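entry-v5.pdb, holding PDB, C-alpha atoms and all ligand atoms:
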```pdb
ATOM      1  CA  MET A 178      -3.752  -8.112  -9.285
ATOM      2  CA  VAL A 179      -0.059  -7.678  -8.501
ATOM      3  CA  VAL A 180       1.317  -4.225  -9.257
ATOM      4  CA  THR A 181       4.948  -3.149  -9.493
ATOM      5  CA  GLY A 182       6.919   0.083  -9.803
ATOM      6  CA  HIS A 183       4.686   2.241  -7.687
ATOM      7  CA  THR A 184       4.955   4.297  -4.503
ATOM      8  CA  CYS A 185       3.414   4.149  -1.065
ATOM      9  CA  ASP A 186       3.435   7.366   0.961
ATOM     10  CA  VAL A 187       3.741   7.573   4.743
ATOM     11  CA  TRP A 188       3.205  10.790   6.714
ATOM     12  CA  TRP A 189       4.452  11.302  10.271
ATOM     13  CA  ALA A 190       3.010  13.840  12.690
ATOM     14  CA  THR A 191       3.739  14.600  16.328
ATOM     15  CA  LEU A 192       1.108  15.733  18.804
ATOM     16  CA  SER A 193       2.391  19.310  18.617
ATOM     17  CA  ASP A 194       1.240  19.458  14.972
ATOM     18  CA  VAL A 195      -2.442  19.542  15.917
ATOM     19  CA  ARG A 196      -4.307  22.823  15.249
ATOM     20  CA  PRO A 197      -7.920  23.853  15.970
ATOM     21  CA  GLU A 198      -8.659  23.945  12.212
ATOM     22  CA  HIS A 199      -7.920  20.204  11.926
ATOM     23  CA  THR A 200     -11.006  19.463  14.042
ATOM     24  CA  ALA A 201     -13.115  21.204  11.376
ATOM     25  CA  LEU A 202     -12.129  18.464   8.902
ATOM     26  CA  LEU A 203     -13.942  15.770  10.908
ATOM     27  CA  ASN A 204     -17.411  14.604   9.890
ATOM     28  CA  PRO A 205     -20.171  14.344  12.534
ATOM     29  CA  ILE A 206     -19.430  10.676  13.298
ATOM     30  CA  GLU A 207     -15.720  11.445  13.702
ATOM     31  CA  HIS A 208     -16.602  14.419  15.921
ATOM     32  CA  GLY A 209     -18.649  12.056  18.080
ATOM     33  CA  ARG A 210     -15.726   9.660  18.445
ATOM     34  CA  ARG A 211     -13.361  12.531  19.205
ATOM     35  CA  GLU A 212     -15.603  13.857  21.952
ATOM     36  CA  ARG A 213     -15.782  10.450  23.647
ATOM     37  CA  TYR A 214     -12.036  10.410  24.310
ATOM     38  CA  VAL A 215     -11.467  11.523  27.890
ATOM     39  CA  ARG A 216      -7.800  12.421  27.567
ATOM     40  CA  ALA A 217      -6.731  15.396  25.450
ATOM     41  CA  ALA A 218      -3.802  13.421  23.995
ATOM     42  CA  ASP A 219      -6.187  10.699  22.738
ATOM     43  CA  ARG A 220      -8.407  13.349  21.145
ATOM     44  CA  ASP A 221      -5.373  14.908  19.451
ATOM     45  CA  ARG A 222      -4.036  11.560  18.180
ATOM     46  CA  PHE A 223      -7.437  10.712  16.710
ATOM     47  CA  THR A 224      -7.880  14.207  15.206
ATOM     48  CA  LEU A 225      -4.448  14.131  13.586
ATOM     49  CA  GLY A 226      -5.052  10.674  12.098
ATOM     50  CA  VAL A 227      -8.364  11.767  10.582
ATOM     51  CA  ALA A 228      -7.028  15.144   9.387
ATOM     52  CA  MET A 229      -3.951  13.605   7.742
ATOM     53  CA  THR A 230      -6.062  10.904   6.085
ATOM     54  CA  ARG A 231      -8.478  13.463   4.678
ATOM     55  CA  LEU A 232      -5.751  15.904   3.594
ATOM     56  CA  ALA A 233      -3.803  13.127   1.830
ATOM     57  CA  LEU A 234      -6.849  11.637   0.106
ATOM     58  CA  GLY A 235      -8.565  14.902  -0.923
ATOM     59  CA  PRO A 236      -6.327  15.744  -3.899
ATOM     60  CA  LEU A 237      -6.334  12.116  -5.064
ATOM     61  CA  VAL A 238     -10.110  11.871  -5.217
ATOM     62  CA  GLY A 239     -10.681  15.495  -6.286
ATOM     63  CA  LEU A 240     -12.673  16.534  -3.221
ATOM     64  CA  PRO A 241     -12.136  18.998  -0.356
ATOM     65  CA  PRO A 242     -10.653  17.015   2.553
ATOM     66  CA  ALA A 243     -13.735  17.419   4.745
ATOM     67  CA  GLU A 244     -15.902  15.892   1.991
ATOM     68  CA  VAL A 245     -13.845  12.745   1.367
ATOM     69  CA  PRO A 246     -16.382   9.920   1.858
ATOM     70  CA  LEU A 247     -14.472   7.928   4.472
ATOM     71  CA  THR A 248     -16.149   5.007   6.210
ATOM     72  CA  ARG A 249     -14.895   3.204   9.329
ATOM     73  CA  SER A 250     -17.188   0.216   9.573
ATOM     74  CA  CYS A 251     -16.147  -2.419  12.097
ATOM     75  CA  ARG A 252     -16.256  -5.916  10.548
ATOM     76  CA  ASP A 253     -17.722  -7.326  13.763
ATOM     77  CA  CYS A 254     -20.436  -4.870  14.755
ATOM     78  CA  GLY A 255     -20.680  -2.274  11.958
ATOM     79  CA  GLU A 256     -19.944   0.604  14.364
ATOM     80  CA  PRO A 257     -17.616   3.316  12.967
ATOM     81  CA  HIS A 258     -14.473   2.285  14.867
ATOM     82  CA  GLY A 259     -12.991   0.046  12.144
ATOM     83  CA  PRO A 260     -10.381   0.736   9.474
ATOM     84  CA  PRO A 261     -10.801   3.920   7.443
ATOM     85  CA  ALA A 262     -11.807   3.168   3.844
ATOM     86  CA  ILE A 263     -13.051   4.922   0.748
ATOM     87  CA  ALA A 264     -15.118   2.907  -1.737
ATOM     88  CA  GLY A 265     -13.126   2.224  -4.907
ATOM     89  CA  GLY A 266     -10.407   4.627  -3.728
ATOM     90  CA  PRO A 267      -6.838   4.424  -2.445
ATOM     91  CA  HIS A 268      -6.091   2.202   0.550
ATOM     92  CA  VAL A 269      -5.170   3.857   3.816
ATOM     93  CA  SER A 270      -3.939   2.842   7.251
ATOM     94  CA  VAL A 271      -3.548   4.845  10.464
ATOM     95  CA  SER A 272      -1.542   4.264  13.629
ATOM     96  CA  HIS A 273      -0.793   6.272  16.748
ATOM     97  CA  SER A 274       1.365   5.750  19.814
ATOM     98  CA  GLY A 275       2.797   8.206  22.332
ATOM     99  CA  ASP A 276       3.743  11.374  20.490
ATOM    100  CA  ARG A 277       3.520   9.887  16.975
ATOM    101  CA  VAL A 278       0.700   9.614  14.465
ATOM    102  CA  ALA A 279       1.224   7.900  11.099
ATOM    103  CA  VAL A 280      -0.882   7.613   7.975
ATOM    104  CA  ALA A 281       0.058   5.337   5.055
ATOM    105  CA  LEU A 282      -1.603   5.499   1.687
ATOM    106  CA  SER A 283      -1.355   3.202  -1.307
ATOM    107  CA  ALA A 284      -3.342   3.654  -4.497
ATOM    108  CA  TYR A 285      -2.647   0.053  -5.520
ATOM    109  CA  GLY A 286      -3.678  -2.299  -2.754
ATOM    110  CA  PRO A 287      -4.077  -3.002   0.950
ATOM    111  CA  VAL A 288      -1.648  -1.328   3.335
ATOM    112  CA  GLY A 289      -1.105  -1.658   7.073
ATOM    113  CA  ILE A 290       1.021   0.547   9.315
ATOM    114  CA  ASP A 291       1.887   0.281  12.986
ATOM    115  CA  VAL A 292       3.953   2.446  15.319
ATOM    116  CA  GLU A 293       4.676   1.686  18.971
ATOM    117  CA  GLU A 294       6.477   3.715  21.605
ATOM    118  CA  CYS A 295       9.317   1.489  22.832
ATOM    119  CA  SER A 296      10.309   3.496  25.882
ATOM    120  CA  ARG A 297       7.270   2.518  27.947
ATOM    121  CA  GLN A 298       7.570  -0.230  30.494
ATOM    122  CA  LEU A 299       6.522  -3.525  28.973
ATOM    123  CA  ASP A 300       4.331  -6.004  30.768
ATOM    124  CA  ARG A 301       6.170  -9.299  30.221
ATOM    125  CA  ALA A 302       2.816 -11.024  29.619
ATOM    126  CA  ILE A 303       2.661  -9.172  26.314
ATOM    127  CA  GLU A 304       5.346 -11.520  24.957
ATOM    128  CA  ARG A 305       2.928 -14.433  25.267
ATOM    129  CA  LEU A 306       0.401 -12.508  23.178
ATOM    130  CA  VAL A 307       2.877 -11.432  20.508
ATOM    131  CA  LEU A 308       5.457 -14.174  19.943
ATOM    132  CA  ALA A 309       4.831 -17.352  17.945
ATOM    133  CA  PRO A 310       6.218 -20.532  19.539
ATOM    134  CA  ALA A 311       9.199 -20.575  17.149
ATOM    135  CA  GLU A 312      10.027 -16.971  17.984
ATOM    136  CA  ALA A 313       9.731 -17.518  21.731
ATOM    137  CA  ALA A 314      11.837 -20.675  21.515
ATOM    138  CA  ALA A 315      14.555 -18.973  19.468
ATOM    139  CA  THR A 316      15.665 -16.881  22.393
ATOM    140  CA  ASP A 317      14.716 -16.119  25.989
ATOM    141  CA  ALA A 318      15.243 -12.429  25.407
ATOM    142  CA  PRO A 319      14.465 -11.448  21.839
ATOM    143  CA  ALA A 320      17.276  -9.591  20.083
ATOM    144  CA  GLY A 321      17.217  -5.993  21.202
ATOM    145  CA  GLY A 322      15.457  -6.714  24.508
ATOM    146  CA  ASP A 323      12.169  -4.831  24.890
ATOM    147  CA  SER A 324      12.691  -2.962  21.642
ATOM    148  CA  GLY A 325      12.981  -6.413  20.011
ATOM    149  CA  ILE A 326       9.491  -7.233  21.223
ATOM    150  CA  PHE A 327       8.224  -3.928  19.872
ATOM    151  CA  THR A 328       9.789  -4.795  16.520
ATOM    152  CA  TYR A 329       7.951  -8.123  16.444
ATOM    153  CA  TRP A 330       4.789  -6.381  17.578
ATOM    154  CA  THR A 331       4.848  -3.642  14.926
ATOM    155  CA  ARG A 332       5.667  -6.157  12.197
ATOM    156  CA  LYS A 333       2.695  -8.297  13.138
ATOM    157  CA  GLU A 334       0.295  -5.446  13.740
ATOM    158  CA  ALA A 335       1.157  -3.921  10.342
ATOM    159  CA  LEU A 336       0.227  -7.309   8.833
ATOM    160  CA  ILE A 337      -3.091  -7.713  10.632
ATOM    161  CA  LYS A 338      -3.996  -4.143   9.733
ATOM    162  CA  ALA A 339      -3.165  -4.707   6.050
ATOM    163  CA  THR A 340      -5.494  -7.733   5.993
ATOM    164  CA  GLY A 341      -8.136  -5.851   8.027
ATOM    165  CA  ASP A 342      -8.269  -8.607  10.664
ATOM    166  CA  GLY A 343      -6.905  -6.490  13.467
ATOM    167  CA  LEU A 344      -6.532  -8.342  16.744
ATOM    168  CA  ARG A 345      -9.064 -11.001  15.679
ATOM    169  CA  ALA A 346      -5.985 -12.619  14.106
ATOM    170  CA  PRO A 347      -3.834 -13.886  17.003
ATOM    171  CA  MET A 348      -0.288 -12.600  16.641
ATOM    172  CA  THR A 349       1.014 -15.894  18.012
ATOM    173  CA  GLU A 350      -0.103 -17.590  14.778
ATOM    174  CA  ILE A 351       2.164 -15.336  12.726
ATOM    175  CA  THR A 352       5.923 -15.858  12.409
ATOM    176  CA  VAL A 353       8.048 -12.986  11.145
ATOM    177  CA  SER A 354      11.782 -12.498  10.682
ATOM    178  CA  PRO A 355      13.737 -11.633  13.869
ATOM    179  CA  PRO A 356      14.344  -7.981  14.777
ATOM    180  CA  ASP A 357      17.953  -7.990  13.546
ATOM    181  CA  GLU A 358      16.808  -8.943  10.021
ATOM    182  CA  PRO A 359      14.704  -6.986   7.516
ATOM    183  CA  PRO A 360      10.978  -7.533   8.082
ATOM    184  CA  ARG A 361       9.487 -10.549   6.343
ATOM    185  CA  LEU A 362       6.435 -12.723   6.862
ATOM    186  CA  LEU A 363       7.697 -16.293   7.308
ATOM    187  CA  ALA A 364       4.521 -18.188   8.215
ATOM    188  CA  TRP A 365       0.903 -17.568   9.185
ATOM    189  CA  SER A 366      -0.984 -20.556  10.516
ATOM    190  CA  GLY A 367      -3.933 -21.279   8.200
ATOM    191  CA  ARG A 368      -3.064 -18.260   6.019
ATOM    192  CA  ASP A 369       0.137 -19.383   4.338
ATOM    193  CA  ASP A 370      -1.222 -18.179   0.977
ATOM    194  CA  LEU A 371      -0.338 -14.679   2.215
ATOM    195  CA  VAL A 372       3.347 -15.437   2.684
ATOM    196  CA  GLY A 373       4.356 -14.788  -0.922
ATOM    197  CA  ARG A 374       2.012 -11.839  -1.282
ATOM    198  CA  ILE A 375       3.210  -9.548   1.502
ATOM    199  CA  THR A 376       6.110  -7.137   1.486
ATOM    200  CA  MET A 377       7.182  -5.347   4.640
ATOM    201  CA  TYR A 378       9.294  -2.288   5.349
ATOM    202  CA  SER A 379      10.913  -0.945   8.521
ATOM    203  CA  LEU A 380       9.998   2.709   8.949
ATOM    204  CA  ASP A 381      11.796   5.570  10.646
ATOM    205  CA  PRO A 382       9.536   7.064  13.332
ATOM    206  CA  GLY A 383      12.497   8.521  15.268
ATOM    207  CA  PRO A 384      14.202   7.593  18.558
ATOM    208  CA  GLY A 385      12.161   5.615  21.083
ATOM    209  CA  TYR A 386       9.689   4.213  18.556
ATOM    210  CA  ALA A 387       9.409   1.157  16.286
ATOM    211  CA  ALA A 388       7.288   1.123  13.151
ATOM    212  CA  CYS A 389       6.531  -1.150  10.242
ATOM    213  CA  LEU A 390       4.556  -1.081   6.993
ATOM    214  CA  ALA A 391       2.986  -4.069   5.205
ATOM    215  CA  LEU A 392       1.664  -4.160   1.641
ATOM    216  CA  ILE A 393      -0.336  -6.920  -0.040
ATOM    217  CA  ASP A 394       0.313  -7.784  -3.715
ATOM    218  CA  GLN A 395       2.556  -4.763  -4.219
ATOM    219  CA  PRO A 396       6.138  -6.039  -4.475
ATOM    220  CA  ASP A 397       8.956  -3.565  -5.065
ATOM    221  CA  ALA A 398       7.006  -0.507  -3.975
ATOM    222  CA  GLU A 399       8.996   2.627  -3.259
ATOM    223  CA  VAL A 400       8.032   3.687   0.270
ATOM    224  CA  ARG A 401       8.365   7.434   0.830
ATOM    225  CA  GLU A 402       8.246   8.872   4.352
ATOM    226  CA  HIS A 403       7.269  12.513   4.850
ATOM    227  CA  THR A 404       6.798  14.794   7.809
ATOM    228  CA  ALA A 405       3.137  15.711   8.042
ATOM    229  CA  ALA A 406       3.987  19.412   8.061
ATOM    230  CA  GLU A 407       3.437  19.488   4.306
ATOM    231  CA  LEU A 408      -0.112  18.209   4.824
ATOM    232  CA  LEU A 409      -1.087  19.882   8.066
ATOM    233  CA  HIS A 410       0.298  23.450   7.929
TER     234      HIS A 410
HETATM  235  C1  LIG A 501      -6.642  -2.406  14.582
HETATM  236  C2  LIG A 501      -6.015  -2.632  15.950
HETATM  237  C3  LIG A 501      -5.055  -3.810  15.862
HETATM  238  C4  LIG A 501      -5.268  -1.311  16.285
HETATM  239  O1  LIG A 501      -4.683  -1.355  17.518
HETATM  240  P1  LIG A 501      -3.841  -0.234  18.294
HETATM  241  O2  LIG A 501      -2.421  -0.647  18.390
HETATM  242  O3  LIG A 501      -4.560   0.013  19.533
HETATM  243  O4  LIG A 501      -3.938   1.120  17.531
HETATM  244  P2  LIG A 501      -3.210   1.836  16.316
HETATM  245  O5  LIG A 501      -3.100   3.254  16.717
HETATM  246  O6  LIG A 501      -1.988   1.187  15.792
HETATM  247  O7  LIG A 501      -4.309   1.711  15.167
HETATM  248  C5  LIG A 501      -5.580   2.238  15.351
HETATM  249  C6  LIG A 501      -6.169   2.478  13.985
HETATM  250  O8  LIG A 501      -6.305   1.246  13.295
HETATM  251  C7  LIG A 501      -7.386   1.394  12.390
HETATM  252  N1  LIG A 501      -8.161   0.173  12.476
HETATM  253  C8  LIG A 501      -9.182  -0.154  13.309
HETATM  254  N2  LIG A 501      -9.596  -1.414  13.051
HETATM  255  C9  LIG A 501      -8.826  -1.886  12.040
HETATM  256  C10 LIG A 501      -8.772  -3.119  11.341
HETATM  257  N3  LIG A 501      -9.594  -4.131  11.606
HETATM  258  N4  LIG A 501      -7.861  -3.254  10.343
HETATM  259  C11 LIG A 501      -7.022  -2.244  10.037
HETATM  260  N5  LIG A 501      -7.007  -1.053  10.685
HETATM  261  C12 LIG A 501      -7.910  -0.885  11.673
HETATM  262  C13 LIG A 501      -8.141   2.674  12.733
HETATM  263  O9  LIG A 501      -7.777   3.634  11.769
HETATM  264  C14 LIG A 501      -7.553   3.036  14.075
HETATM  265  O10 LIG A 501      -7.396   4.418  14.289
HETATM  266  P3  LIG A 501      -8.620   5.431  14.432
HETATM  267  O11 LIG A 501      -9.682   4.694  15.167
HETATM  268  O12 LIG A 501      -8.021   6.577  15.145
HETATM  269  O13 LIG A 501      -8.998   5.762  13.029
HETATM  270  C15 LIG A 501      -7.053  -2.931  17.031
HETATM  271  O14 LIG A 501      -7.728  -1.736  17.356
HETATM  272  C16 LIG A 501      -8.086  -3.947  16.573
HETATM  273  O15 LIG A 501      -7.783  -5.098  16.381
HETATM  274  N6  LIG A 501      -9.310  -3.562  16.351
HETATM  275  C17 LIG A 501     -10.323  -4.506  15.845
HETATM  276  C18 LIG A 501     -10.942  -5.286  16.952
HETATM  277  C19 LIG A 501     -12.029  -4.501  17.581
HETATM  278  O16 LIG A 501     -11.855  -3.396  18.003
HETATM  279  N7  LIG A 501     -13.170  -5.073  17.613
HETATM  280  C20 LIG A 501     -14.278  -4.390  18.156
HETATM  281  C21 LIG A 501     -15.359  -5.376  18.319
HETATM  282  S1  LIG A 501     -16.903  -4.586  18.168
END
```

Can you give me the file's structure in the form of structure tokens?
Amino acid sequence: MVVTGHTCDVWWATLSDVRPEHTALLNPIEHGRRERYVRAADRDRFTLGVAMTRLALGPLVGLPPAEVPLTRSCRDCGEPHGPPAIAGGPHVSVSHSGDRVAVALSAYGPVGIDVEECSRQLDRAIERLVLAPAEAAATDAPAGGDSGIFTYWTRKEALIKATGDGLRAPMTEITVSPPDEPPRLLAWSGRDDLVGRITMYSLDPGPGYAACLALIDQPDAEVREHTAAELLH
């Protein structure tokens, strides 16, 4: 079903937003995942993503955030490291990179969000994993240099998160608009039915980051970006 005239909310947090009480929102499986992260920053990114997801969904489903029945089943192995989902409920997507954590929520259909820190040194081999032949052929150095690659990357990762494929879907089979144009899916080898069904939005994660949002069957959505302070504090 195609819906129109609706909103999709995006919340942005930074690592300094994390508080001890956010950990209390995690269920036992989420606690287990949190504890397996070796680095404190990874634990905080994960905790913030879970806390924001639960705090955003709670009022919509009429439950305390800690009781929102989130699942995270991996499509490949069933282990709880897949996309967060709530049966019959709003669609949600989570991304983290560097200092930023983002949660996107749409009540009307699949959503995918991706943020990447652009300031880090890029291994040039990543271009071969990200760019489709047409994109690589268009220019030796994609518009915007490294940040151009991050723009391609976030556009494609938002798409493969909206479909739930994740990295099972090779990014090289997807062609998107170049970084100096608004985001648009141009072609997806074997999946061209998706081309007319996806809308994409550039987001504003702040300096040093690129971010993109993709929605399926939700044209003309109003995308609203918020700081997570209103959820987390
Ligand atoms: C989804 C994926 C592209 C994210 O990559 P990333 O750039 O490292 O990380 P991001 O921070 O942008 O996104 C991670 C979030 O994506 C979500 N996610 C995981 N799998 C997802 C999928 N298939 N579709 C959509 N979202 C997914 C989770 O919410 C995850 O965060 P969390 O674990 O803290 O809740 C990548 O992890 C992936 O492809 N995973 C599936 C493949 C896989 O892990 N297979 C395991 C085989 S058993």

Exercise on segment 307-316 of chain A, axis-aligned box with 5 Å per side, report centre and edge lengths in Å to one decimal, as lines of an AutoDock Vina configuration file:
```
center_x = 9.3
center_y = -16.1
center_z = 19.8
size_x = 22.8
size_y = 19.2
size_z = 15.2
```

Protein and nucleic acid residues within 9 Å of ligand LIG 501 (chain A) (all atoms listed in the file) as a ChimeraX atom specification: /A:207,210-211,219,222-227,249-262,269-274,278-280,288-293,331,334-346

Can you spit out the residues from that selection as an mmCIF file, in the frame of the given file, using C-alpha atoms?
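The resulting file, selection-v1.cif, is reproduced below:
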```cif
data_model
loop_
_atom_site.group_PDB
_atom_site.id
_atom_site.type_symbol
_atom_site.label_atom_id
_atom_site.label_comp_id
_atom_site.auth_asym_id
_atom_site.auth_seq_id
_atom_site.Cartn_x
_atom_site.Cartn_y
_atom_site.Cartn_z
ATOM 1 C CA GLU A 207 -15.720 11.445 13.702
ATOM 2 C CA ARG A 210 -15.726 9.660 18.445
ATOM 3 C CA ARG A 211 -13.361 12.531 19.205
ATOM 4 C CA ASP A 219 -6.187 10.699 22.738
ATOM 5 C CA ARG A 222 -4.036 11.560 18.180
ATOM 6 C CA PHE A 223 -7.437 10.712 16.710
ATOM 7 C CA THR A 224 -7.880 14.207 15.206
ATOM 8 C CA LEU A 225 -4.448 14.131 13.586
ATOM 9 C CA GLY A 226 -5.052 10.674 12.098
ATOM 10 C CA VAL A 227 -8.364 11.767 10.582
ATOM 11 C CA ARG A 249 -14.895 3.204 9.329
ATOM 12 C CA SER A 250 -17.188 0.216 9.573
ATOM 13 C CA CYS A 251 -16.147 -2.419 12.097
ATOM 14 C CA ARG A 252 -16.256 -5.916 10.548
ATOM 15 C CA ASP A 253 -17.722 -7.326 13.763
ATOM 16 C CA CYS A 254 -20.436 -4.870 14.755
ATOM 17 C CA GLY A 255 -20.680 -2.274 11.958
ATOM 18 C CA GLU A 256 -19.944 0.604 14.364
ATOM 19 C CA PRO A 257 -17.616 3.316 12.967
ATOM 20 C CA HIS A 258 -14.473 2.285 14.867
ATOM 21 C CA GLY A 259 -12.991 0.046 12.144
ATOM 22 C CA PRO A 260 -10.381 0.736 9.474
ATOM 23 C CA PRO A 261 -10.801 3.920 7.443
ATOM 24 C CA ALA A 262 -11.807 3.168 3.844
ATOM 25 C CA VAL A 269 -5.170 3.857 3.816
ATOM 26 C CA SER A 270 -3.939 2.842 7.251
ATOM 27 C CA VAL A 271 -3.548 4.845 10.464
ATOM 28 C CA SER A 272 -1.542 4.264 13.629
ATOM 29 C CA HIS A 273 -0.793 6.272 16.748
ATOM 30 C CA SER A 274 1.365 5.750 19.814
ATOM 31 C CA VAL A 278 0.700 9.614 14.465
ATOM 32 C CA ALA A 279 1.224 7.900 11.099
ATOM 33 C CA VAL A 280 -0.882 7.613 7.975
ATOM 34 C CA VAL A 288 -1.648 -1.328 3.335
ATOM 35 C CA GLY A 289 -1.105 -1.658 7.073
ATOM 36 C CA ILE A 290 1.021 0.547 9.315
ATOM 37 C CA ASP A 291 1.887 0.281 12.986
ATOM 38 C CA VAL A 292 3.953 2.446 15.319
ATOM 39 C CA GLU A 293 4.676 1.686 18.971
ATOM 40 C CA THR A 331 4.848 -3.642 14.926
ATOM 41 C CA GLU A 334 0.295 -5.446 13.740
ATOM 42 C CA ALA A 335 1.157 -3.921 10.342
ATOM 43 C CA LEU A 336 0.227 -7.309 8.833
ATOM 44 C CA ILE A 337 -3.091 -7.713 10.632
ATOM 45 C CA LYS A 338 -3.996 -4.143 9.733
ATOM 46 C CA ALA A 339 -3.165 -4.707 6.050
ATOM 47 C CA THR A 340 -5.494 -7.733 5.993
ATOM 48 C CA GLY A 341 -8.136 -5.851 8.027
ATOM 49 C CA ASP A 342 -8.269 -8.607 10.664
ATOM 50 C CA GLY A 343 -6.905 -6.490 13.467
ATOM 51 C CA LEU A 344 -6.532 -8.342 16.744
ATOM 52 C CA ARG A 345 -9.064 -11.001 15.679
ATOM 53 C CA ALA A 346 -5.985 -12.619 14.106
#
```

Could you please determine the separation between atom CA of His199 of chain A and atom CA of Ala228 of chain A in Å, to one decimal place? 5.7 Å

Applying the PyMOL selection byres (((chain A and resi 355-367) around 8) and not hetatm) to the file I just gave you, which residues come out? Please list them as a list of chain:residue names. A:Glu312, A:Pro319, A:Ala320, A:Gly321, A:Gly325, A:Thr328, A:Tyr329, A:Arg332, A:Glu350, A:Ile351, A:Thr352, A:Val353, A:Ser354, A:Arg368, A:Asp369, A:Leu371, A:Val372, A:Ile375, A:Thr376, A:Met377, A:Tyr378, A:Ser379

Spatial sel., origin (-1.3, 19.9, 20.3), limit 10 Å, only C-alpha atoms, listed as a list in words: Thr191, Leu192, Ser193, Asp194, Val195, Arg196, Pro197, Ala217, Ala218, Arg220, Asp221, Arg222, Leu225 and Asp276 of chain A

Just the selected residues (C-alpha atoms), exported as a short mmCIF file (atom, residue, chain, number, x, y, z; two decimals), in the frame of the given file, please.
```cif
data_model
loop_
_atom_site.label_atom_id
_atom_site.label_comp_id
_atom_site.auth_asym_id
_atom_site.auth_seq_id
_atom_site.Cartn_x
_atom_site.Cartn_y
_atom_site.Cartn_z
CA THR A 191 3.74 14.60 16.33
CA LEU A 192 1.11 15.73 18.80
CA SER A 193 2.39 19.31 18.62
CA ASP A 194 1.24 19.46 14.97
CA VAL A 195 -2.44 19.54 15.92
CA ARG A 196 -4.31 22.82 15.25
CA PRO A 197 -7.92 23.85 15.97
CA ALA A 217 -6.73 15.40 25.45
CA ALA A 218 -3.80 13.42 24.00
CA ARG A 220 -8.41 13.35 21.14
CA ASP A 221 -5.37 14.91 19.45
CA ARG A 222 -4.04 11.56 18.18
CA LEU A 225 -4.45 14.13 13.59
CA ASP A 276 3.74 11.37 20.49
#
```

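Between Ala388 of chain A and the residues A:Ala311, A:Ala190, A:Met348, A:Cys295, the shortest atom-to-atom distance, using only C-alpha atoms, involves A:Cys295.
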
Regenerate segment 377-388 of chain A at the level of N, CA and C atoms and dump it as a short mmCIF file (atom, residue, chain, number, x, y, z; two decimals), keeping the file's coordinate frame.
```
data_model
loop_
_atom_site.label_atom_id
_atom_site.label_comp_id
_atom_site.auth_asym_id
_atom_site.auth_seq_id
_atom_site.Cartn_x
_atom_site.Cartn_y
_atom_site.Cartn_z
N MET A 377 7.16 -6.15 3.42
CA MET A 377 7.18 -5.35 4.64
C MET A 377 8.40 -4.43 4.65
N TYR A 378 8.24 -3.30 5.31
CA TYR A 378 9.29 -2.29 5.35
C TYR A 378 9.44 -1.77 6.77
N SER A 379 10.68 -1.64 7.25
CA SER A 379 10.91 -0.94 8.52
C SER A 379 10.82 0.55 8.25
N LEU A 380 10.14 1.26 9.12
CA LEU A 380 10.00 2.71 8.95
C LEU A 380 10.86 3.44 9.96
N ASP A 381 10.92 4.76 9.81
CA ASP A 381 11.80 5.57 10.65
C ASP A 381 10.99 6.60 11.44
N PRO A 382 10.37 6.15 12.55
CA PRO A 382 9.54 7.06 13.33
C PRO A 382 10.34 7.95 14.28
N GLY A 383 11.67 7.74 14.36
CA GLY A 383 12.50 8.52 15.27
C GLY A 383 12.82 7.74 16.53
N PRO A 384 13.74 8.30 17.37
CA PRO A 384 14.20 7.59 18.56
C PRO A 384 13.06 7.23 19.50
N GLY A 385 13.14 6.03 20.08
CA GLY A 385 12.16 5.62 21.08
C GLY A 385 10.91 4.99 20.50
N TYR A 386 10.87 4.81 19.20
CA TYR A 386 9.69 4.21 18.56
C TYR A 386 10.13 3.13 17.57
N ALA A 387 9.24 2.14 17.36
CA ALA A 387 9.41 1.16 16.29
C ALA A 387 8.20 1.28 15.37
N ALA A 388 8.42 1.02 14.08
CA ALA A 388 7.29 1.12 13.15
C ALA A 388 7.53 0.24 11.94
#
```
